[in-house]
Amino acid sequence: MFAAIAGSYDLNNRVHSIWQDQMWRRYAVKAAGVRPGESVLDIACGTGDLTELFAKTEAARVVGGDFTPAMLDKAREKAPRNLGASLASKVTYVEADATRLAFPDASFDVVSIAFGIRNVSDPAAAVREFARVLRPGGRLVILEFDRPSFAPMRWFYDFYCGWVMPRTATIISGDRSGAYRYLPASVGSFMPRRDLSDLISRSGFKEVTSRGLSLGICVCYRGVRAG
């Protein structure tokens with residue numbers, strides 16, 4: 001399904017977030033607080049938008065991991081053009097399963113996942129893996145969609161995501177896999193904000209916070225690896 005939409009993924013993200021998606025990613029990078037020489041793992045990196053923003057920090061190494069090879073192909077194609085040779089050399093893209101990461105314990109200072117945790121088969125297993133590969137004091141940053149609590153905004157959001165976006169995104173992408181019916185529906189079926197915060201806290205993280213962005217359409221979760 002994600003392979004089918006890889007070619008138009010960036011365009012649909014920009015259009016259907018009304019160009020807010022990169023602002024949300026920049027907020028996540030700021031929340032991560034990357035220090036000089038640190039290592040970053042960006043899981044469910046898709047076509048590499050968040051990975052590229054991390055490459056522009058003082059991180060020494062940035063790994064973008066995704067389950068879908070077609071997404072990684074687009075990310076590898078974009079990186080030299082968007083970053084230049086020097087910054088692109090900091091980035092490595094690899095196939096990765098969020099629930100079974102092929103990295104040693106305590107090998108990263110930052111782990112991020114943007115709009116991907118709701119698509120993982122076992123979110124609890126993924127968050128435990130994030131804790132395993134983070135060094136003590138390392139930061140986990142999660143971006144995920146949520147339904148706004150403010151009623152008029154929620155009504156508009158439900159109409160937009162339930163009726164408008166599936167149709168227009170499908171037209172833009174020419175998709176026949178049903179991806180843009182699944183993706184908005186998955187927001188409503190995913191765990192509530194409080195439950196995800198509790199899951200992060202139970203999985204080896206302290207100082208867990210969640211910050212609503214754009215009237216609660218997107219939430220940025222942050223936790224610090226205990227130990």
# chains A, B, ... in the order shown; residues from 1 in each chain; ligands from 1
call {"tool": "residues_around", "arguments": {"residues": "A:Gly204", "least_positions_apart": "4", "cutoff": "8 Å", "atoms": "only C-alpha atoms", "output": "list of chain:residue names"}}
result
A:Arg128, A:Ala131, A:Ile200, A:Arg225, A:Ala226
call {"tool": "write_last_selection", "arguments": {"atoms": "C-alpha atoms", "output": "CSV table (one decimal), in the first residue's frame"}}
result
chain,number,residue,atom,x,y,z
A,128,ARG,CA,10.0,-0.9,23.8
A,131,ALA,CA,13.8,2.4,24.5
A,200,ILE,CA,5.6,5.6,26.6
A,225,ARG,CA,15.1,7.3,28.3
A,226,ALA,CA,15.4,6.4,32.0
call {"tool": "select_by_dssp", "arguments": {"residues": "stretch 141-199 of chain A", "states": "strand (DSSP E or B)", "output": "list of chain:residue names"}}
result
A:Val141, A:Ile142, A:Leu143, A:Glu144, A:Phe145
call {"tool": "write_last_selection", "arguments": {"atoms": "N, CA and C atoms", "output": "compact mmCIF listing (two decimals), in the first residue's frame"}}
result
# COMPACT_ATOMS: atom_id res chain seq x y z
N VAL A 141 10.94 11.11 20.28
CA VAL A 141 9.98 12.11 19.80
C VAL A 141 9.04 11.42 18.82
N ILE A 142 7.76 11.53 19.08
CA ILE A 142 6.73 10.94 18.23
C ILE A 142 5.79 12.04 17.75
N LEU A 143 5.58 12.11 16.45
CA LEU A 143 4.52 12.95 15.88
C LEU A 143 3.39 12.03 15.44
N GLU A 144 2.17 12.38 15.81
CA GLU A 144 1.03 11.59 15.36
C GLU A 144 -0.20 12.47 15.28
N PHE A 145 -1.09 12.11 14.38
CA PHE A 145 -2.35 12.83 14.24
C PHE A 145 -3.27 12.50 15.41
call {"tool": "closest_residue", "arguments": {"among": "A:Gln22, A:Thr68, A:Thr92, A:Ser112", "to": "A:Asp42", "atoms": "only C-alpha atoms"}}
result
A:Ser112
call {"tool": "select_by_dssp", "arguments": {"residues": "stretch 59-225 of chain A", "states": "helix (DSSP H, G or I)", "output": "count of residues only"}}
result
78
call {"tool": "residues_around", "arguments": {"residues": "A:Gly212", "least_positions_apart": "4", "cutoff": "10 Å", "atoms": "only C-alpha atoms", "output": "list of chain:residue names"}}
result
A:Leu143, A:Glu144, A:Phe145, A:Asp146, A:Pro148, A:Arg193, A:Gly216, A:Ile217, A:Cys218, A:Val219, A:Cys220, A:Tyr221
call {"tool": "residues_around", "arguments": {"residues": "stretch 72-89 of chain A", "least_positions_apart": "4", "cutoff": "10 Å", "atoms": "only C-alpha atoms", "output": "MDAnalysis selection string"}}
result
chainID A and resid 3 6:7 9:10 44:49 51:57 60:62 64:68 93:95
call {"tool": "write_last_selection", "arguments": {"atoms": "N, CA and C atoms", "output": "compact mmCIF listing (two decimals), in the first residue's frame"}}
result
# COMPACT_ATOMS: atom_id res chain seq x y z
N ALA A 3 3.99 1.47 -0.88
CA ALA A 3 4.75 1.51 -2.13
C ALA A 3 3.94 2.16 -3.23
N ALA A 6 4.17 6.07 -2.91
CA ALA A 6 5.47 6.69 -2.65
C ALA A 6 5.75 7.87 -3.57
N GLY A 7 5.39 7.75 -4.85
CA GLY A 7 5.72 8.79 -5.82
C GLY A 7 5.03 10.11 -5.57
N TYR A 9 3.71 10.93 -2.44
CA TYR A 9 3.56 11.04 -0.99
C TYR A 9 3.84 12.46 -0.49
N ASP A 10 4.94 13.04 -0.94
CA ASP A 10 5.31 14.38 -0.47
C ASP A 10 4.27 15.42 -0.89
N ALA A 44 10.14 4.78 10.40
CA ALA A 44 9.00 5.08 9.51
C ALA A 44 9.28 6.40 8.80
N CYS A 45 10.49 6.49 8.28
CA CYS A 45 10.97 7.76 7.73
C CYS A 45 10.31 8.12 6.41
N GLY A 46 9.64 7.16 5.76
CA GLY A 46 9.00 7.46 4.49
C GLY A 46 9.99 7.96 3.47
N THR A 47 9.68 9.09 2.87
CA THR A 47 10.56 9.66 1.84
C THR A 47 11.64 10.57 2.41
N GLY A 48 11.77 10.58 3.75
CA GLY A 48 12.93 11.22 4.35
C GLY A 48 12.79 12.67 4.76
N ASP A 49 11.58 13.22 4.82
CA ASP A 49 11.44 14.64 5.17
C ASP A 49 12.01 14.94 6.56
N THR A 51 14.00 12.96 8.37
CA THR A 51 15.41 12.55 8.38
C THR A 51 16.29 13.69 7.87
N GLU A 52 15.87 14.35 6.80
CA GLU A 52 16.65 15.46 6.24
C GLU A 52 16.74 16.63 7.21
N LEU A 53 15.67 16.90 7.94
CA LEU A 53 15.73 17.99 8.92
C LEU A 53 16.72 17.65 10.04
N PHE A 54 16.76 16.39 10.45
CA PHE A 54 17.75 16.00 11.47
C PHE A 54 19.17 16.11 10.91
N ALA A 55 19.35 15.85 9.63
CA ALA A 55 20.68 15.96 9.03
C ALA A 55 21.20 17.40 9.06
N LYS A 56 20.30 18.36 9.13
CA LYS A 56 20.69 19.77 9.17
C LYS A 56 21.06 20.24 10.58
N THR A 57 20.90 19.36 11.59
CA THR A 57 21.33 19.68 12.95
C THR A 57 22.81 19.32 13.10
N ALA A 60 25.95 13.81 14.28
CA ALA A 60 27.05 13.23 13.49
C ALA A 60 26.56 12.17 12.54
N ARG A 61 25.45 11.48 12.92
CA ARG A 61 24.93 10.36 12.13
C ARG A 61 23.42 10.35 12.21
N VAL A 62 22.78 10.17 11.07
CA VAL A 62 21.32 10.08 11.02
C VAL A 62 20.95 8.85 10.20
N GLY A 64 17.77 6.75 8.65
CA GLY A 64 16.34 6.71 8.34
C GLY A 64 15.95 5.28 8.04
N GLY A 65 14.98 4.77 8.78
CA GLY A 65 14.54 3.40 8.58
C GLY A 65 13.08 3.33 8.20
N ASP A 66 12.75 2.46 7.26
CA ASP A 66 11.36 2.30 6.85
C ASP A 66 11.12 0.87 6.39
N PHE A 67 9.86 0.44 6.52
CA PHE A 67 9.46 -0.91 6.16
C PHE A 67 9.27 -1.07 4.66
N THR A 68 9.14 0.06 3.93
CA THR A 68 8.75 0.03 2.52
C THR A 68 9.92 0.44 1.62
N TYR A 93 20.02 5.29 4.79
CA TYR A 93 18.66 4.77 4.76
C TYR A 93 18.70 3.25 4.74
N VAL A 94 17.89 2.63 5.60
CA VAL A 94 17.89 1.16 5.72
C VAL A 94 16.46 0.67 5.85
N GLU A 95 16.21 -0.56 5.37
CA GLU A 95 14.93 -1.20 5.65
C GLU A 95 14.89 -1.57 7.13
call {"tool": "atom_distance", "arguments": {"atom1": "atom CA of A:Asn119", "atom2": "atom CA of A:Gly178"}}
result
14.4 Å
call {"tool": "closest_residue", "arguments": {"among": "A:Leu134, A:Met165, A:Ile172, A:Leu196", "to": "A:Pro184", "atoms": "only C-alpha atoms"}}
result
A:Met165
call {"tool": "residues_around", "arguments": {"residues": "A:Ala179", "least_positions_apart": "5", "cutoff": "9 Å", "atoms": "only C-alpha atoms", "output": "ChimeraX atom specification"}}
result
/A:1-2,4-5,166,170,184
call {"tool": "residues_around", "arguments": {"residues": "A:Val110", "least_positions_apart": "4", "cutoff": "9 Å", "atoms": "only C-alpha atoms", "output": "list of chain:residue names"}}
result
A:Ala32, A:Gly33, A:Val34, A:Glu38, A:Ser39, A:Val40, A:Leu41, A:Asp42, A:Leu134, A:Arg135, A:Gly138, A:Arg139, A:Leu140, A:Val141
call {"tool": "write_last_selection", "arguments": {"atoms": "N, CA and C atoms", "output": "CSV table (one decimal), in the first residue's frame"}}
result
chain,number,residue,atom,x,y,z
A,32,ALA,N,13.6,17.4,20.1
A,32,ALA,CA,14.6,16.4,20.2
A,32,ALA,C,15.9,16.9,20.9
A,33,GLY,N,16.2,18.2,20.6
A,33,GLY,CA,17.3,18.8,21.2
A,33,GLY,C,18.6,18.2,20.9
A,34,VAL,N,18.9,18.0,19.6
A,34,VAL,CA,20.1,17.2,19.2
A,34,VAL,C,21.3,18.0,19.5
A,38,GLU,N,25.8,13.7,18.2
A,38,GLU,CA,24.9,12.6,18.5
A,38,GLU,C,24.4,11.9,17.3
A,39,SER,N,23.8,10.7,17.6
A,39,SER,CA,23.2,9.8,16.6
A,39,SER,C,21.7,9.8,16.6
A,40,VAL,N,21.1,9.9,15.5
A,40,VAL,CA,19.6,9.9,15.4
A,40,VAL,C,19.1,8.8,14.6
A,41,LEU,N,18.0,8.1,15.0
A,41,LEU,CA,17.3,7.1,14.3
A,41,LEU,C,15.9,7.6,14.0
A,42,ASP,N,15.6,7.8,12.7
A,42,ASP,CA,14.2,8.2,12.3
A,42,ASP,C,13.5,7.0,11.7
A,134,LEU,N,17.9,3.3,22.6
A,134,LEU,CA,18.3,4.6,23.1
A,134,LEU,C,19.3,4.5,24.2
A,135,ARG,N,20.3,5.4,24.3
A,135,ARG,CA,21.1,5.5,25.5
A,135,ARG,C,20.4,6.2,26.6
A,138,GLY,N,18.7,9.6,26.4
A,138,GLY,CA,18.3,9.8,25.0
A,138,GLY,C,16.8,10.2,24.9
A,139,ARG,N,16.4,10.8,23.8
A,139,ARG,CA,15.1,11.4,23.7
A,139,ARG,C,14.3,10.6,22.6
A,140,LEU,N,13.1,10.4,22.9
A,140,LEU,CA,12.1,9.8,22.0
A,140,LEU,C,11.1,10.9,21.6
A,141,VAL,N,10.9,11.1,20.3
A,141,VAL,CA,10.0,12.1,19.8
A,141,VAL,C,9.0,11.4,18.8
